[in-house]
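Asker: One structure follows; several queries about it will come next.
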Amino acid sequence: MLNGVNKLNLDAKGRMAIPSRYRERLMDDCNGHLVITLDTEKRVVIFPYDEWQDVEAKLVKLSMSKAAVRIKRFYLGHATDCDMDKNGRINIPPYVREMAGLDKQIVLLGMGNKFEVWDEQSWNDEMHTDDALDLSAELESLNL
């Protein structure tokens with residue numbers, strides 16, 4: 001399970017170090033092979049390769065409606081395979097970094113089967129928003 005919030009830095013080459021607490025699992029599960037892409041909110045998403053294969057199979061089966069094509073363009077069109085180096089680092093492609101507005105300070109968020117990568121300021125804004133999103137139905141369905 002990939003979970004937790006991690007504040008990290010991108011180096012000058014666009015590399016980020018995967019926190020050590022995830023490295024062993026990623027090596028065991030997918031030999032450090034990951035897929036980096038964008039979601040429809042122009043946020044970087046990182047999948048272990050095995051998880052990505054399941055997501056990719058679902059995306060390919062989507063219809064050719066305008067909405068489905070847009071989803072495919074983000075997820076499939078920006079998908080890039082990468083491997084963790086011996087220091088546990090991965091390189092986020094420049095265009096993907098640009099689209100997501102990533103600078104030096106970032107947040108890596110574990111979301112169960114994938115990671116999201118946020119610009120730190122955007123993450124802080126998200127956590128302090130007072131929007132009127134009604135989460136009660138989703139929480140109720142979990143019986144928390």
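All residue names refer to the structure tokens as shown: chains lettered A, B, ... in order, residues numbered from 1 in each chain, ligands numbered from 1 in order.
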Which residues come within 8 Å of region 69-78 of chain A, counting only C-alpha atoms, excluding same-chain residues fewer than 3 positions away, as a JSON list (two decimals) with N, CA and C atoms, in the first residue's frame?
Answerer:
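In the end it all went to around_12.json:
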```json
[["chain", "number", "residue", "atom", "x", "y", "z"],
["A", 36, "ILE", "N", 5.21, 7.20, -15.32],
["A", 36, "ILE", "CA", 4.88, 8.57, -14.94],
["A", 36, "ILE", "C", 3.93, 9.12, -16.00],
["A", 37, "THR", "N", 2.86, 9.77, -15.57],
["A", 37, "THR", "CA", 1.92, 10.36, -16.51],
["A", 37, "THR", "C", 1.23, 11.55, -15.87],
["A", 38, "LEU", "N", 0.28, 12.13, -16.58],
["A", 38, "LEU", "CA", -0.55, 13.21, -16.06],
["A", 38, "LEU", "C", -1.98, 12.73, -15.93],
["A", 39, "ASP", "N", -2.67, 13.24, -14.92],
["A", 39, "ASP", "CA", -4.11, 12.99, -14.84],
["A", 39, "ASP", "C", -4.84, 14.16, -15.47],
["A", 40, "THR", "N", -6.16, 14.11, -15.48],
["A", 40, "THR", "CA", -6.94, 15.14, -16.16],
["A", 40, "THR", "C", -6.89, 16.49, -15.47],
["A", 42, "LYS", "N", -4.01, 17.74, -14.68],
["A", 42, "LYS", "CA", -2.62, 18.11, -14.99],
["A", 42, "LYS", "C", -1.71, 17.95, -13.78],
["A", 56, "GLU", "N", -3.97, 0.96, -17.86],
["A", 56, "GLU", "CA", -3.85, 1.10, -19.31],
["A", 56, "GLU", "C", -4.89, 0.24, -20.03],
["A", 59, "LEU", "N", -8.21, 1.97, -19.80],
["A", 59, "LEU", "CA", -8.26, 3.17, -20.63],
["A", 59, "LEU", "C", -8.43, 2.84, -22.10],
["A", 60, "VAL", "N", -7.73, 1.84, -22.57],
["A", 60, "VAL", "CA", -7.81, 1.46, -23.98],
["A", 60, "VAL", "C", -9.23, 1.04, -24.35],
["A", 63, "SER", "N", -14.64, 4.29, -24.67],
["A", 63, "SER", "CA", -15.24, 4.66, -25.96],
["A", 63, "SER", "C", -14.41, 5.76, -26.62],
["A", 64, "MET", "N", -14.86, 6.20, -27.75],
["A", 64, "MET", "CA", -14.20, 7.29, -28.45],
["A", 64, "MET", "C", -14.97, 8.60, -28.29],
["A", 65, "SER", "N", -15.77, 8.71, -27.23],
["A", 65, "SER", "CA", -16.45, 9.97, -26.95],
["A", 65, "SER", "C", -15.42, 11.06, -26.69],
["A", 66, "LYS", "N", -15.82, 12.30, -26.78],
["A", 66, "LYS", "CA", -14.90, 13.40, -26.54],
["A", 66, "LYS", "C", -14.25, 13.31, -25.16],
["A", 96, "VAL", "N", 6.24, 17.10, -18.72],
["A", 96, "VAL", "CA", 5.30, 16.71, -17.67],
["A", 96, "VAL", "C", 5.45, 17.63, -16.47]]
```
Asker: Could you name the residues that touch Leu8 (chain A) at 10 Å or less, counting only C-alpha atoms, but leaving out those on the same chain fewer than 6 positions away, as a ChimeraX atom specification?
Answerer: /A:16-19,104-108,117,119-120
Asker: Got time to write the residues from that selection, C-alpha atoms, as a CSV table (one decimal), in the first residue's frame?
Answerer:
```csv
chain,number,residue,atom,x,y,z
A,16,MET,CA,13.2,13.1,-7.3
A,17,ALA,CA,14.3,10.5,-4.8
A,18,ILE,CA,11.6,8.0,-3.9
A,19,PRO,CA,11.5,7.9,-0.1
A,104,LYS,CA,11.9,22.6,-6.8
A,105,GLN,CA,9.6,21.9,-3.8
A,106,ILE,CA,7.1,19.1,-4.3
A,107,VAL,CA,4.8,16.8,-2.3
A,108,LEU,CA,4.6,13.0,-3.1
A,117,VAL,CA,3.1,14.6,-7.2
A,119,ASP,CA,3.8,21.4,-6.4
A,120,GLU,CA,4.1,22.1,-2.6
```
Asker: In Å, with one decimal, what is the gap from CA of Arg89 (chain A) to CA of Glu41 (chain A)?
Answerer: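 Rounded to one decimal, the two atoms are 24.4 Å apart.
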Asker: Considering only C-alpha atoms, give me a table of residues in region 100-135 of chain A that are at most 12 Å from region 20-28 of chain A, with the closest atom pair and distance in Å for each, as a tab-separated table.
Answerer:
```
residue	atom	partner	partner_atom	distance
A:Leu108	CA	A:Tyr22	CA	11.3
A:Leu109	CA	A:Tyr22	CA	11.6
A:Gly110	CA	A:Tyr22	CA	9.6
A:Gly112	CA	A:Tyr22	CA	11.8
A:Asn113	CA	A:Leu26	CA	11.0
A:Lys114	CA	A:Leu26	CA	10.9
A:Phe115	CA	A:Tyr22	CA	10.7
```
Asker: Report the distance between CA of Asn31 (chain A) and CA of Lys61 (chain A) in Å, rounded to one decimal place.
Answerer: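 A separation of 27.1 Å between them.
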Asker: With only C-alpha atoms as the basis for distance, which of A:Glu98, A:Glu126, A:Glu140, A:Glu51 is at the shortest distance from Cys30 (chain A)?
Answerer: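 Ranking A:Glu98, A:Glu126, A:Glu140, A:Glu51 by distance to Cys30 (chain A), first place goes to A:Glu51.
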Asker: Going by DSSP on the backbone, which bits of region 30-107 of chain A are strand (DSSP E or B)? Write them as a ChimeraX atom specification, please.
Answerer: /A:33-38,44-48,80-83,89-91,105-107
Asker: Just asking: which residues within chain A are alpha helix (DSSP H) according to DSSP, as a PyMOL selection string?
Answerer: chain A and resi 20-30+49-60+66-75+94-100+120-127+136-142
Asker: Let me make sure I understand: among A:Asp125, A:Asp83, A:Asp50, A:Asp11, which one has the smallest atom-to-atom distance to Leu102 (chain A) if we use only C-alpha atoms?
Answerer: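 Of the candidates, the smallest distance to Leu102 (chain A) is held by A:Asp11.
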